[in-house]
>>> print(open('protein.pdb').read())   # PDB, C-alpha atoms
ATOM      1  CA  GLU A   1     -18.200   0.899  19.815
ATOM      2  CA  THR A   2     -17.379  -0.892  16.583
ATOM      3  CA  GLY A   3     -13.724  -1.702  16.030
ATOM      4  CA  VAL A   4     -11.728  -1.692  12.823
ATOM      5  CA  THR A   5     -12.829  -4.416  10.422
ATOM      6  CA  GLN A   6     -11.005  -5.609   7.323
ATOM      7  CA  SER A   7     -12.048  -7.801   4.418
ATOM      8  CA  PRO A   8     -11.271 -10.285   3.149
ATOM      9  CA  THR A   9      -9.285 -12.104   5.821
ATOM     10  CA  HIS A  10      -7.295 -14.129   3.312
ATOM     11  CA  LEU A  11      -6.637 -13.726  -0.393
ATOM     12  CA  ILE A  12      -4.584 -15.579  -2.989
ATOM     13  CA  LYS A  13      -3.621 -13.806  -6.212
ATOM     14  CA  THR A  14      -1.344 -14.452  -9.142
ATOM     15  CA  ARG A  15       1.641 -12.281 -10.038
ATOM     16  CA  GLY A  16       0.579  -9.405 -12.287
ATOM     17  CA  GLN A  17      -3.001  -9.294 -11.041
ATOM     18  CA  GLN A  18      -4.649  -6.445  -9.144
ATOM     19  CA  VAL A  19      -6.158  -6.574  -5.660
ATOM     20  CA  THR A  20      -8.446  -4.389  -3.547
ATOM     21  CA  LEU A  21      -8.499  -4.640   0.233
ATOM     22  CA  ARG A  22     -11.183  -2.996   2.329
ATOM     23  CA  CYS A  23     -11.339  -1.441   5.771
ATOM     24  CA  SER A  24     -14.043   0.035   7.969
ATOM     25  CA  SER A  25     -12.705   2.460  10.545
ATOM     26  CA  GLN A  26     -13.640   2.478  14.201
ATOM     27  CA  SER A  27     -16.661   4.686  14.757
ATOM     28  CA  GLY A  28     -15.709   8.303  15.386
ATOM     29  CA  HIS A  29     -12.307   7.956  13.710
ATOM     30  CA  ASN A  30     -11.584  10.117  10.668
ATOM     31  CA  THR A  31      -8.037   9.022   9.848
ATOM     32  CA  VAL A  32      -6.979   5.723   8.340
ATOM     33  CA  SER A  33      -3.483   4.327   7.774
ATOM     34  CA  TRP A  34      -2.373   1.226   5.908
ATOM     35  CA  TYR A  35       0.617  -0.920   6.841
ATOM     36  CA  GLN A  36       2.342  -3.901   5.245
ATOM     37  CA  GLN A  37       3.708  -6.540   7.610
ATOM     38  CA  ALA A  38       5.967  -9.096   5.973
ATOM     39  CA  LEU A  39       6.588 -12.353   7.775
ATOM     40  CA  GLY A  40       8.862 -11.884  10.783
ATOM     41  CA  GLN A  41       8.967  -8.096  10.463
ATOM     42  CA  GLY A  42       7.304  -5.081  11.974
ATOM     43  CA  PRO A  43       4.594  -3.195  10.090
ATOM     44  CA  GLN A  44       5.795  -0.782   7.389
ATOM     45  CA  PHE A  45       3.822   2.392   6.691
ATOM     46  CA  ILE A  46       2.223   2.555   3.241
ATOM     47  CA  PHE A  47       0.096   5.715   3.457
ATOM     48  CA  GLN A  48      -2.482   7.610   5.480
ATOM     49  CA  TYR A  49      -5.780   9.224   4.508
ATOM     50  CA  TYR A  50      -7.492  12.108   6.251
ATOM     51  CA  ARG A  51     -10.688  13.726   4.986
ATOM     52  CA  GLU A  52     -10.496  11.631   1.808
ATOM     53  CA  GLU A  53      -7.040  12.966   0.886
ATOM     54  CA  GLU A  54      -3.688  11.215   1.064
ATOM     55  CA  ASN A  55      -1.946  12.701   4.088
ATOM     56  CA  GLY A  56       1.475  11.054   4.071
ATOM     57  CA  ARG A  57       3.131   8.200   2.248
ATOM     58  CA  GLY A  58       5.872   5.715   3.018
ATOM     59  CA  ASN A  59       8.435   4.209   0.685
ATOM     60  CA  PHE A  60       6.024   2.278  -1.535
ATOM     61  CA  PRO A  61       5.704   2.541  -5.339
ATOM     62  CA  PRO A  62       2.725   4.219  -7.058
ATOM     63  CA  ARG A  63       1.132   0.855  -7.838
ATOM     64  CA  PHE A  64       0.030   0.979  -4.200
ATOM     65  CA  SER A  65      -2.905   3.384  -4.090
ATOM     66  CA  GLY A  66      -5.800   4.090  -1.781
ATOM     67  CA  LEU A  67      -9.143   5.721  -1.265
ATOM     68  CA  GLN A  68     -11.043   7.010   1.737
ATOM     69  CA  PHE A  69     -14.789   7.444   1.510
ATOM     70  CA  PRO A  70     -17.088   9.992   3.219
ATOM     71  CA  ASN A  71     -18.068   7.371   5.826
ATOM     72  CA  TYR A  72     -14.324   6.999   6.583
ATOM     73  CA  SER A  73     -14.108   3.477   5.177
ATOM     74  CA  SER A  74     -11.063   2.889   3.028
ATOM     75  CA  GLU A  75      -9.548   0.786   0.266
ATOM     76  CA  LEU A  76      -6.013  -0.261  -0.537
ATOM     77  CA  ASN A  77      -5.396  -1.125  -4.183
ATOM     78  CA  VAL A  78      -2.286  -2.857  -5.436
ATOM     79  CA  ASN A  79      -1.663  -3.195  -9.169
ATOM     80  CA  ALA A  80       0.749  -5.505 -10.995
ATOM     81  CA  LEU A  81       1.222  -7.754  -8.005
ATOM     82  CA  GLU A  82       4.692  -9.083  -7.298
ATOM     83  CA  LEU A  83       5.708 -12.094  -5.231
ATOM     84  CA  ASP A  84       7.213  -9.771  -2.583
ATOM     85  CA  ASP A  85       3.787  -8.213  -2.039
ATOM     86  CA  SER A  86       2.834 -11.330  -0.080
ATOM     87  CA  ALA A  87       2.240 -10.050   3.452
ATOM     88  CA  LEU A  88      -0.306  -9.191   6.104
ATOM     89  CA  TYR A  89      -1.923  -5.853   5.265
ATOM     90  CA  LEU A  90      -3.113  -3.918   8.283
ATOM     91  CA  CYS A  91      -5.531  -1.047   8.405
ATOM     92  CA  ALA A  92      -5.466   1.282  11.396
ATOM     93  CA  SER A  93      -7.745   4.158  12.295
ATOM     94  CA  SER A  94      -7.375   7.034  14.716
ATOM     95  CA  PHE A  95      -9.468   9.961  15.837
ATOM     96  CA  HIS A  96      -7.197  12.580  14.356
ATOM     97  CA  THR A  97      -3.980  12.788  12.444
ATOM     98  CA  GLY A  98      -2.185  13.967  15.548
ATOM     99  CA  ASP A  99       1.276  12.946  16.640
ATOM    100  CA  ASN A 100       0.252  11.150  19.802
ATOM    101  CA  SER A 101      -2.961   9.464  18.734
ATOM    102  CA  PRO A 102      -2.674   5.693  19.188
ATOM    103  CA  LEU A 103      -3.624   3.594  16.211
ATOM    104  CA  HIS A 104      -6.465   1.065  16.389
ATOM    105  CA  PHE A 105      -5.731  -1.871  14.110
ATOM    106  CA  GLY A 106      -7.918  -4.348  12.307
ATOM    107  CA  ASN A 107      -6.998  -8.022  12.178
ATOM    108  CA  GLY A 108      -5.515  -7.661   8.733
ATOM    109  CA  THR A 109      -5.794  -9.268   5.313
ATOM    110  CA  ARG A 110      -3.312 -12.027   4.554
ATOM    111  CA  LEU A 111      -2.348 -11.677   0.860
ATOM    112  CA  THR A 112      -0.477 -14.458  -0.876
ATOM    113  CA  VAL A 113       0.897 -13.832  -4.372
ATOM    114  CA  THR A 114       1.867 -16.924  -6.367
TER     115      THR A 114
ATOM    116  CA  ALA B 115      16.465   8.779  10.547
ATOM    117  CA  GLN B 116      14.042   8.360  13.395
ATOM    118  CA  SER B 117      13.620   4.732  14.367
ATOM    119  CA  VAL B 118      13.359   2.170  17.141
ATOM    120  CA  ALA B 119      15.312  -1.018  17.697
ATOM    121  CA  GLN B 120      14.353  -4.124  19.610
ATOM    122  CA  PRO B 121      17.602  -5.955  20.358
ATOM    123  CA  GLU B 122      16.010  -9.260  21.348
ATOM    124  CA  ASP B 123      14.100 -11.457  18.903
ATOM    125  CA  GLN B 124      12.903 -13.696  21.707
ATOM    126  CA  VAL B 125      12.372 -13.356  25.455
ATOM    127  CA  ASN B 126      11.509 -16.335  27.662
ATOM    128  CA  VAL B 127      10.308 -15.986  31.247
ATOM    129  CA  ALA B 128       8.600 -18.201  33.787
ATOM    130  CA  GLU B 129       5.071 -17.425  34.892
ATOM    131  CA  GLY B 130       5.063 -15.187  37.942
ATOM    132  CA  ASN B 131       8.496 -13.728  37.236
ATOM    133  CA  PRO B 132       9.022 -10.124  36.151
ATOM    134  CA  LEU B 133       9.474  -9.505  32.449
ATOM    135  CA  THR B 134      11.289  -6.859  30.430
ATOM    136  CA  VAL B 135      11.117  -6.328  26.684
ATOM    137  CA  LYS B 136      13.749  -3.900  25.491
ATOM    138  CA  CYS B 137      13.470  -0.994  23.072
ATOM    139  CA  THR B 138      15.915   1.743  22.142
ATOM    140  CA  TYR B 139      15.094   4.731  20.012
ATOM    141  CA  SER B 140      16.865   7.137  17.720
ATOM    142  CA  VAL B 141      15.012  10.415  17.308
ATOM    143  CA  SER B 142      15.684  14.104  17.248
ATOM    144  CA  GLY B 143      13.815  16.221  19.744
ATOM    145  CA  ASN B 144      11.201  14.797  22.057
ATOM    146  CA  PRO B 145       9.972  11.374  20.965
ATOM    147  CA  TYR B 146       6.457   9.994  20.932
ATOM    148  CA  LEU B 147       6.905   6.321  21.842
ATOM    149  CA  PHE B 148       4.420   3.469  21.829
ATOM    150  CA  TRP B 149       4.118  -0.225  22.672
ATOM    151  CA  TYR B 150       1.781  -2.583  20.843
ATOM    152  CA  VAL B 151       1.071  -6.308  21.248
ATOM    153  CA  GLN B 152       0.106  -8.754  18.507
ATOM    154  CA  TYR B 153      -1.534 -12.110  19.125
ATOM    155  CA  PRO B 154      -1.517 -14.823  16.407
ATOM    156  CA  ASN B 155      -3.584 -13.951  13.329
ATOM    157  CA  ARG B 156      -4.644 -10.634  14.858
ATOM    158  CA  GLY B 157      -3.863  -6.973  14.370
ATOM    159  CA  LEU B 158      -1.811  -4.926  16.797
ATOM    160  CA  GLN B 159      -3.320  -3.774  20.075
ATOM    161  CA  PHE B 160      -2.215  -0.537  21.747
ATOM    162  CA  LEU B 161      -0.665  -1.026  25.199
ATOM    163  CA  LEU B 162       0.727   2.355  26.234
ATOM    164  CA  LYS B 163       2.421   5.528  25.054
ATOM    165  CA  TYR B 164       4.926   8.102  26.238
ATOM    166  CA  ILE B 165       4.378  11.698  25.180
ATOM    167  CA  THR B 166       5.792  13.814  27.966
ATOM    168  CA  GLY B 167       5.864  14.007  31.740
ATOM    169  CA  ASP B 168       6.373  11.115  34.126
ATOM    170  CA  ASN B 169       9.020   8.701  32.887
ATOM    171  CA  LEU B 170       7.052   5.683  34.108
ATOM    172  CA  VAL B 171       4.018   5.079  31.954
ATOM    173  CA  LYS B 172       1.292   2.629  32.948
ATOM    174  CA  GLY B 173      -0.772   0.832  30.343
ATOM    175  CA  SER B 174      -3.183  -2.000  29.717
ATOM    176  CA  TYR B 175      -3.068  -5.498  31.276
ATOM    177  CA  GLY B 176      -0.636  -4.463  34.031
ATOM    178  CA  PHE B 177       2.137  -3.421  31.654
ATOM    179  CA  GLU B 178       4.290  -0.357  32.196
ATOM    180  CA  ALA B 179       7.219   1.211  30.408
ATOM    181  CA  GLU B 180      10.086   3.356  31.586
ATOM    182  CA  PHE B 181      11.327   6.207  29.420
ATOM    183  CA  ASN B 182      15.045   6.848  29.905
ATOM    184  CA  LYS B 183      16.307   9.837  27.952
ATOM    185  CA  SER B 184      20.004   9.384  28.800
ATOM    186  CA  GLN B 185      19.967   5.777  27.608
ATOM    187  CA  THR B 186      17.459   6.465  24.791
ATOM    188  CA  SER B 187      15.431   3.492  25.946
ATOM    189  CA  PHE B 188      11.762   2.707  26.434
ATOM    190  CA  HIS B 189      11.656  -0.774  27.948
ATOM    191  CA  LEU B 190       8.351  -2.570  28.518
ATOM    192  CA  LYS B 191       7.921  -4.216  31.915
ATOM    193  CA  LYS B 192       5.489  -6.238  33.972
ATOM    194  CA  PRO B 193       6.051  -7.270  37.606
ATOM    195  CA  SER B 194       4.512 -10.750  37.265
ATOM    196  CA  ALA B 195       4.177 -12.470  33.886
ATOM    197  CA  LEU B 196       1.172 -14.553  32.851
ATOM    198  CA  VAL B 197       1.109 -17.372  30.300
ATOM    199  CA  SER B 198      -1.498 -15.324  28.428
ATOM    200  CA  ASP B 199       1.082 -12.533  27.957
ATOM    201  CA  SER B 200       2.830 -14.728  25.377
ATOM    202  CA  ALA B 201       2.681 -12.752  22.129
ATOM    203  CA  LEU B 202       4.667 -10.552  19.760
ATOM    204  CA  TYR B 203       5.507  -7.103  21.126
ATOM    205  CA  PHE B 204       6.332  -4.055  19.023
ATOM    206  CA  CYS B 205       7.895  -0.779  20.045
ATOM    207  CA  ALA B 206       7.079   2.194  17.800
ATOM    208  CA  VAL B 207       7.954   5.863  17.377
ATOM    209  CA  ARG B 208       6.090   8.599  15.583
ATOM    210  CA  PRO B 209       8.713  10.827  13.955
ATOM    211  CA  LEU B 210       8.586  14.567  14.313
ATOM    212  CA  GLU B 211       9.052  15.194  10.594
ATOM    213  CA  TYR B 212       5.382  14.392  10.536
ATOM    214  CA  ASN B 213       4.974  12.162   7.561
ATOM    215  CA  ASN B 214       2.161  10.719   9.640
ATOM    216  CA  ASP B 215       3.759   7.348   9.759
ATOM    217  CA  MET B 216       4.471   5.304  12.841
ATOM    218  CA  ARG B 217       7.744   3.383  12.674
ATOM    219  CA  PHE B 218       7.818  -0.031  14.278
ATOM    220  CA  GLY B 219      10.628  -2.191  15.527
ATOM    221  CA  ALA B 220      11.043  -5.721  14.217
ATOM    222  CA  GLY B 221       9.236  -7.155  17.230
ATOM    223  CA  THR B 222      10.117  -9.349  20.201
ATOM    224  CA  ARG B 223       8.416 -12.665  20.758
ATOM    225  CA  LEU B 224       7.633 -13.125  24.440
ATOM    226  CA  THR B 225       7.057 -16.665  25.702
ATOM    227  CA  VAL B 226       5.861 -17.154  29.275
ATOM    228  CA  LYS B 227       6.194 -20.733  30.466
ATOM    229  CA  PRO B 228       4.013 -22.216  33.213
TER     230      PRO B 228
END
>>> encode(input="protein.pdb", output="structure tokens")
Amino acid sequence: ETGVTQSPTHLIKTRGQQVTLRCSSQSGHNTVSWYQQALGQGPQFIFQYYREEENGRGNFPPRFSGLQFPNYSSELNVNALELDDSALYLCASSFHTGDNSPLHFGNGTRLTVT
Amino acid sequence: AQSVAQPEDQVNVAEGNPLTVKCTYSVSGNPYLFWYVQYPNRGLQFLLKYITGDNLVKGSYGFEAEFNKSQTSFHLKKPSALVSDSALYFCAVRPLEYNNDMRFGAGTRLTVKP
């Protein structure tokens, strides 16, 4: 069973630039969620994708966007980067978008915006 | 708003002693509650969940959690702590308004000393 993998592991960008983060879901999982974890805080929900459609969104501006592909891999895109976007970005997959499905997390991408 | 709170930033215990990491929740209706653990530079790992039924839930690595509806608590426990249990622990709730997000507490850093 292949777990959730994310790339890259670390990334440094300049304010105003754009970034794309990638995630491969655990095999057999069709739902992917993205979270932002700022230093010293718990993860904050960005959005979820199910069957290639956005299936719920947290309190993040439209410059945070995503895609899910037919093989259930996913991307998180952030435009016009701001210093406060510096965080660990976590991808999590689950078998179904059910209420009690536990999330399986990748190790995250550490984004630093300078 | 549906949320969880972790009142302790830090918990220190000696190896071999019992440990408790506290979590209180604020939800309407029946909550879906979770515990996750995060090791340095890693994603979150699922430990256990409460959906319904028995108030004592057993999970991975010898951890268990007790759901207490009258006190709105879901404390994580382990009878005998190991040094390797040292990590960051997150309590989480999946709200019933079904935005598909999972809401995490701010985390509690557990340190087990030899």
>>> closest_atom_pairs(input="protein.pdb", of="chain B", to="chain A", cutoff="9 Å", atoms="only C-alpha atoms", output="Markdown table")
| residue | atom | partner | partner_atom | distance |
| --- | --- | --- | --- | --- |
| B:Tyr146 | CA | A:Asn100 | CA | 6.4 |
| B:Leu147 | CA | A:Asn100 | CA | 8.5 |
| B:Phe148 | CA | A:Pro102 | CA | 7.9 |
| B:Asn155 | CA | A:Asn107 | CA | 6.9 |
| B:Arg156 | CA | A:Asn107 | CA | 4.4 |
| B:Gly157 | CA | A:Asn107 | CA | 4.0 |
| B:Leu158 | CA | A:Phe105 | CA | 5.6 |
| B:Gln159 | CA | A:Phe105 | CA | 6.7 |
| B:Phe160 | CA | A:Pro102 | CA | 6.8 |
| B:Leu162 | CA | A:Pro102 | CA | 8.5 |
| B:Lys163 | CA | A:Pro102 | CA | 7.8 |
| B:Tyr164 | CA | A:Asn100 | CA | 8.5 |
| B:Ile165 | CA | A:Asn100 | CA | 6.8 |
| B:Phe204 | CA | A:Gly42 | CA | 7.2 |
| B:Arg208 | CA | A:Asp99 | CA | 6.6 |
| B:Pro209 | CA | A:Asp99 | CA | 8.2 |
| B:Leu210 | CA | A:Asp99 | CA | 7.8 |
| B:Tyr212 | CA | A:Asp99 | CA | 7.5 |
| B:Asn213 | CA | A:Gly56 | CA | 5.1 |
| B:Asn214 | CA | A:Gly56 | CA | 5.6 |
| B:Asp215 | CA | A:Phe45 | CA | 5.8 |
| B:Met216 | CA | A:Phe45 | CA | 6.8 |
| B:Arg217 | CA | A:Gln44 | CA | 7.0 |
| B:Phe218 | CA | A:Gly42 | CA | 5.6 |
| B:Gly219 | CA | A:Gly42 | CA | 5.7 |
| B:Ala220 | CA | A:Gly42 | CA | 4.4 |
| B:Gly221 | CA | A:Gly42 | CA | 6.0 |
>>> atom_distance(input="protein.pdb", atom1="atom CA of B:Ser198", atom2="atom CA of B:Pro228")
10.0 Å
>>> closest_residue(input="protein.pdb", among="B:Asn182, B:Ser174, B:Ser187, B:Thr166", to="B:Tyr139", atoms="all atoms listed in the file")
B:Ser187
>>> resolve_selection(input="protein.pdb", expression="the PyMOL selection byres ((chain A and resi 30) around 6)", output="list of chain:residue names")
A:His29, A:Thr31, A:Tyr72, A:Phe95
>>> write_last_selection(input="protein.pdb", atoms="C-alpha atoms", output="PDB file, in the coordinates of the input")
ATOM      1  CA  HIS A  29     -12.307   7.956  13.710  1.00  0.00           C
ATOM      2  CA  THR A  31      -8.037   9.022   9.848  1.00  0.00           C
ATOM      3  CA  TYR A  72     -14.324   6.999   6.583  1.00  0.00           C
ATOM      4  CA  PHE A  95      -9.468   9.961  15.837  1.00  0.00           C
TER       5      PHE A  95
END
>>> resolve_selection(input="protein.pdb", expression="the PyMOL selection byres ((chain A and resi 85) around 10)", output="PyMOL selection string")
chain A and resi 15+36-38+78+80-84+86-89+111-114
>>> write_last_selection(input="protein.pdb", atoms="C-alpha atoms", output="PDB file, in the coordinates of the input")
ATOM      1  CA  ARG A  15       1.641 -12.281 -10.038  1.00  0.00           C
ATOM      2  CA  GLN A  36       2.342  -3.901   5.245  1.00  0.00           C
ATOM      3  CA  GLN A  37       3.708  -6.540   7.610  1.00  0.00           C
ATOM      4  CA  ALA A  38       5.967  -9.096   5.973  1.00  0.00           C
ATOM      5  CA  VAL A  78      -2.286  -2.857  -5.436  1.00  0.00           C
ATOM      6  CA  ALA A  80       0.749  -5.505 -10.995  1.00  0.00           C
ATOM      7  CA  LEU A  81       1.222  -7.754  -8.005  1.00  0.00           C
ATOM      8  CA  GLU A  82       4.692  -9.083  -7.298  1.00  0.00           C
ATOM      9  CA  LEU A  83       5.708 -12.094  -5.231  1.00  0.00           C
ATOM     10  CA  ASP A  84       7.213  -9.771  -2.583  1.00  0.00           C
ATOM     11  CA  SER A  86       2.834 -11.330  -0.080  1.00  0.00           C
ATOM     12  CA  ALA A  87       2.240 -10.050   3.452  1.00  0.00           C
ATOM     13  CA  LEU A  88      -0.306  -9.191   6.104  1.00  0.00           C
ATOM     14  CA  TYR A  89      -1.923  -5.853   5.265  1.00  0.00           C
ATOM     15  CA  LEU A 111      -2.348 -11.677   0.860  1.00  0.00           C
ATOM     16  CA  THR A 112      -0.477 -14.458  -0.876  1.00  0.00           C
ATOM     17  CA  VAL A 113       0.897 -13.832  -4.372  1.00  0.00           C
ATOM     18  CA  THR A 114       1.867 -16.924  -6.367  1.00  0.00           C
TER      19      THR A 114
END
>>> atom_distance(input="protein.pdb", atom1="atom CA of A:Gln6", atom2="atom CA of B:Cys205")
23.3 Å
>>> resolve_selection(input="protein.pdb", expression="the PyMOL selection byres ((chain B and resi 119) around 6)", output="PyMOL selection string")
chain B and resi 118+120+137-138+219
>>> atom_distance(input="protein.pdb", atom1="atom CA of B:Gly143", atom2="atom CA of B:Tyr203")
24.8 Å
>>> residues_around(input="protein.pdb", residues="B:Phe181", least_positions_apart="4", cutoff="9 Å", atoms="only C-alpha atoms", output="number ranges by chain")
B: 147, 164, 168-171, 185-189
>>> residues_around(input="protein.pdb", residues="B:Glu122", least_positions_apart="6", cutoff="8 Å", atoms="all atoms listed in the file", output="list in words")
Val135, Lys136 and Thr222 of chain B
>>> decode(input="protein.pdb", residues="stretch 1-77 of chain A", atoms="C-alpha atoms", output="PDB file, in the first residue's frame")
ATOM      1  CA  GLU A   1       0.000   0.000   0.000  1.00  0.00           C
ATOM      2  CA  THR A   2       1.495   3.304  -1.084  1.00  0.00           C
ATOM      3  CA  GLY A   3       1.016   6.195   1.310  1.00  0.00           C
ATOM      4  CA  VAL A   4       0.415   9.848   0.561  1.00  0.00           C
ATOM      5  CA  THR A   5       3.422  11.511  -1.049  1.00  0.00           C
ATOM      6  CA  GLN A   6       4.007  15.226  -1.513  1.00  0.00           C
ATOM      7  CA  SER A   7       6.510  17.190  -3.565  1.00  0.00           C
ATOM      8  CA  PRO A   8       8.612  19.145  -3.185  1.00  0.00           C
ATOM      9  CA  THR A   9       9.556  18.784   0.472  1.00  0.00           C
ATOM     10  CA  HIS A  10      10.848  22.335   0.744  1.00  0.00           C
ATOM     11  CA  LEU A  11      10.354  25.433  -1.372  1.00  0.00           C
ATOM     12  CA  ILE A  12      11.465  29.054  -1.161  1.00  0.00           C
ATOM     13  CA  LYS A  13       9.566  31.701  -3.123  1.00  0.00           C
ATOM     14  CA  THR A  14       9.476  35.461  -3.311  1.00  0.00           C
ATOM     15  CA  ARG A  15       6.440  37.566  -2.432  1.00  0.00           C
ATOM     16  CA  GLY A  16       4.172  37.975  -5.456  1.00  0.00           C
ATOM     17  CA  GLN A  17       5.262  34.760  -7.145  1.00  0.00           C
ATOM     18  CA  GLN A  18       3.097  31.710  -7.813  1.00  0.00           C
ATOM     19  CA  VAL A  19       3.633  28.182  -6.510  1.00  0.00           C
ATOM     20  CA  THR A  20       2.306  24.704  -7.296  1.00  0.00           C
ATOM     21  CA  LEU A  21       2.448  21.902  -4.752  1.00  0.00           C
ATOM     22  CA  ARG A  22       1.764  18.298  -5.676  1.00  0.00           C
ATOM     23  CA  CYS A  23       0.256  15.307  -3.924  1.00  0.00           C
ATOM     24  CA  SER A  24      -0.265  11.650  -4.748  1.00  0.00           C
ATOM     25  CA  SER A  25      -3.078  10.069  -2.775  1.00  0.00           C
ATOM     26  CA  GLN A  26      -2.883   6.745  -0.999  1.00  0.00           C
ATOM     27  CA  SER A  27      -3.933   3.961  -3.336  1.00  0.00           C
ATOM     28  CA  GLY A  28      -7.674   3.343  -3.253  1.00  0.00           C
ATOM     29  CA  HIS A  29      -8.468   6.816  -1.909  1.00  0.00           C
ATOM     30  CA  ASN A  30     -10.653   9.095  -4.023  1.00  0.00           C
ATOM     31  CA  THR A  31     -10.821  12.176  -1.803  1.00  0.00           C
ATOM     32  CA  VAL A  32      -8.044  14.656  -1.161  1.00  0.00           C
ATOM     33  CA  SER A  33      -7.918  17.578   1.274  1.00  0.00           C
ATOM     34  CA  TRP A  34      -5.334  20.317   1.659  1.00  0.00           C
ATOM     35  CA  TYR A  35      -4.374  21.957   4.947  1.00  0.00           C
ATOM     36  CA  GLN A  36      -2.121  24.858   5.905  1.00  0.00           C
ATOM     37  CA  GLN A  37      -0.185  24.504   9.153  1.00  0.00           C
ATOM     38  CA  ALA A  38       1.487  27.685  10.338  1.00  0.00           C
ATOM     39  CA  LEU A  39       4.276  27.408  12.864  1.00  0.00           C
ATOM     40  CA  GLY A  40       2.965  26.504  16.313  1.00  0.00           C
ATOM     41  CA  GLN A  41      -0.617  26.022  15.130  1.00  0.00           C
ATOM     42  CA  GLY A  42      -2.920  23.216  14.149  1.00  0.00           C
ATOM     43  CA  PRO A  43      -3.703  22.518  10.495  1.00  0.00           C
ATOM     44  CA  GLN A  44      -6.300  24.792   8.870  1.00  0.00           C
ATOM     45  CA  PHE A  45      -8.580  23.406   6.161  1.00  0.00           C
ATOM     46  CA  ILE A  46      -8.081  24.937   2.712  1.00  0.00           C
ATOM     47  CA  PHE A  47     -10.322  22.775   0.508  1.00  0.00           C
ATOM     48  CA  GLN A  48     -11.275  19.242  -0.459  1.00  0.00           C
ATOM     49  CA  TYR A  49     -11.627  17.548  -3.841  1.00  0.00           C
ATOM     50  CA  TYR A  50     -13.797  14.565  -4.665  1.00  0.00           C
ATOM     51  CA  ARG A  51     -14.180  13.153  -8.171  1.00  0.00           C
ATOM     52  CA  GLU A  52     -12.186  16.083  -9.573  1.00  0.00           C
ATOM     53  CA  GLU A  53     -14.599  18.678  -8.154  1.00  0.00           C
ATOM     54  CA  GLU A  54     -14.112  21.027  -5.225  1.00  0.00           C
ATOM     55  CA  ASN A  55     -16.197  19.562  -2.414  1.00  0.00           C
ATOM     56  CA  GLY A  56     -15.826  22.079   0.404  1.00  0.00           C
ATOM     57  CA  ARG A  57     -13.662  25.079   1.128  1.00  0.00           C
ATOM     58  CA  GLY A  58     -12.295  26.753   4.228  1.00  0.00           C
ATOM     59  CA  ASN A  59     -11.693  30.428   4.872  1.00  0.00           C
ATOM     60  CA  PHE A  60      -8.985  30.963   2.255  1.00  0.00           C
ATOM     61  CA  PRO A  61      -9.009  33.546  -0.569  1.00  0.00           C
ATOM     62  CA  PRO A  62      -9.508  32.598  -4.243  1.00  0.00           C
ATOM     63  CA  ARG A  63      -5.780  32.872  -4.941  1.00  0.00           C
ATOM     64  CA  PHE A  64      -5.626  29.434  -3.322  1.00  0.00           C
ATOM     65  CA  SER A  65      -6.878  26.997  -5.950  1.00  0.00           C
ATOM     66  CA  GLY A  66      -6.614  23.296  -6.620  1.00  0.00           C
ATOM     67  CA  LEU A  67      -7.011  20.460  -9.048  1.00  0.00           C
ATOM     68  CA  GLN A  68      -7.657  16.750  -8.728  1.00  0.00           C
ATOM     69  CA  PHE A  69      -6.770  14.461 -11.600  1.00  0.00           C
ATOM     70  CA  PRO A  70      -8.423  11.203 -12.762  1.00  0.00           C
ATOM     71  CA  ASN A  71      -5.704   9.182 -10.989  1.00  0.00           C
ATOM     72  CA  TYR A  72      -6.664  11.060  -7.782  1.00  0.00           C
ATOM     73  CA  SER A  73      -3.391  12.979  -7.597  1.00  0.00           C
ATOM     74  CA  SER A  74      -3.821  16.630  -6.748  1.00  0.00           C
ATOM     75  CA  GLU A  75      -2.286  20.086  -6.952  1.00  0.00           C
ATOM     76  CA  LEU A  76      -2.494  23.137  -4.743  1.00  0.00           C
ATOM     77  CA  ASN A  77      -1.787  26.429  -6.500  1.00  0.00           C
TER      78      ASN A  77
END
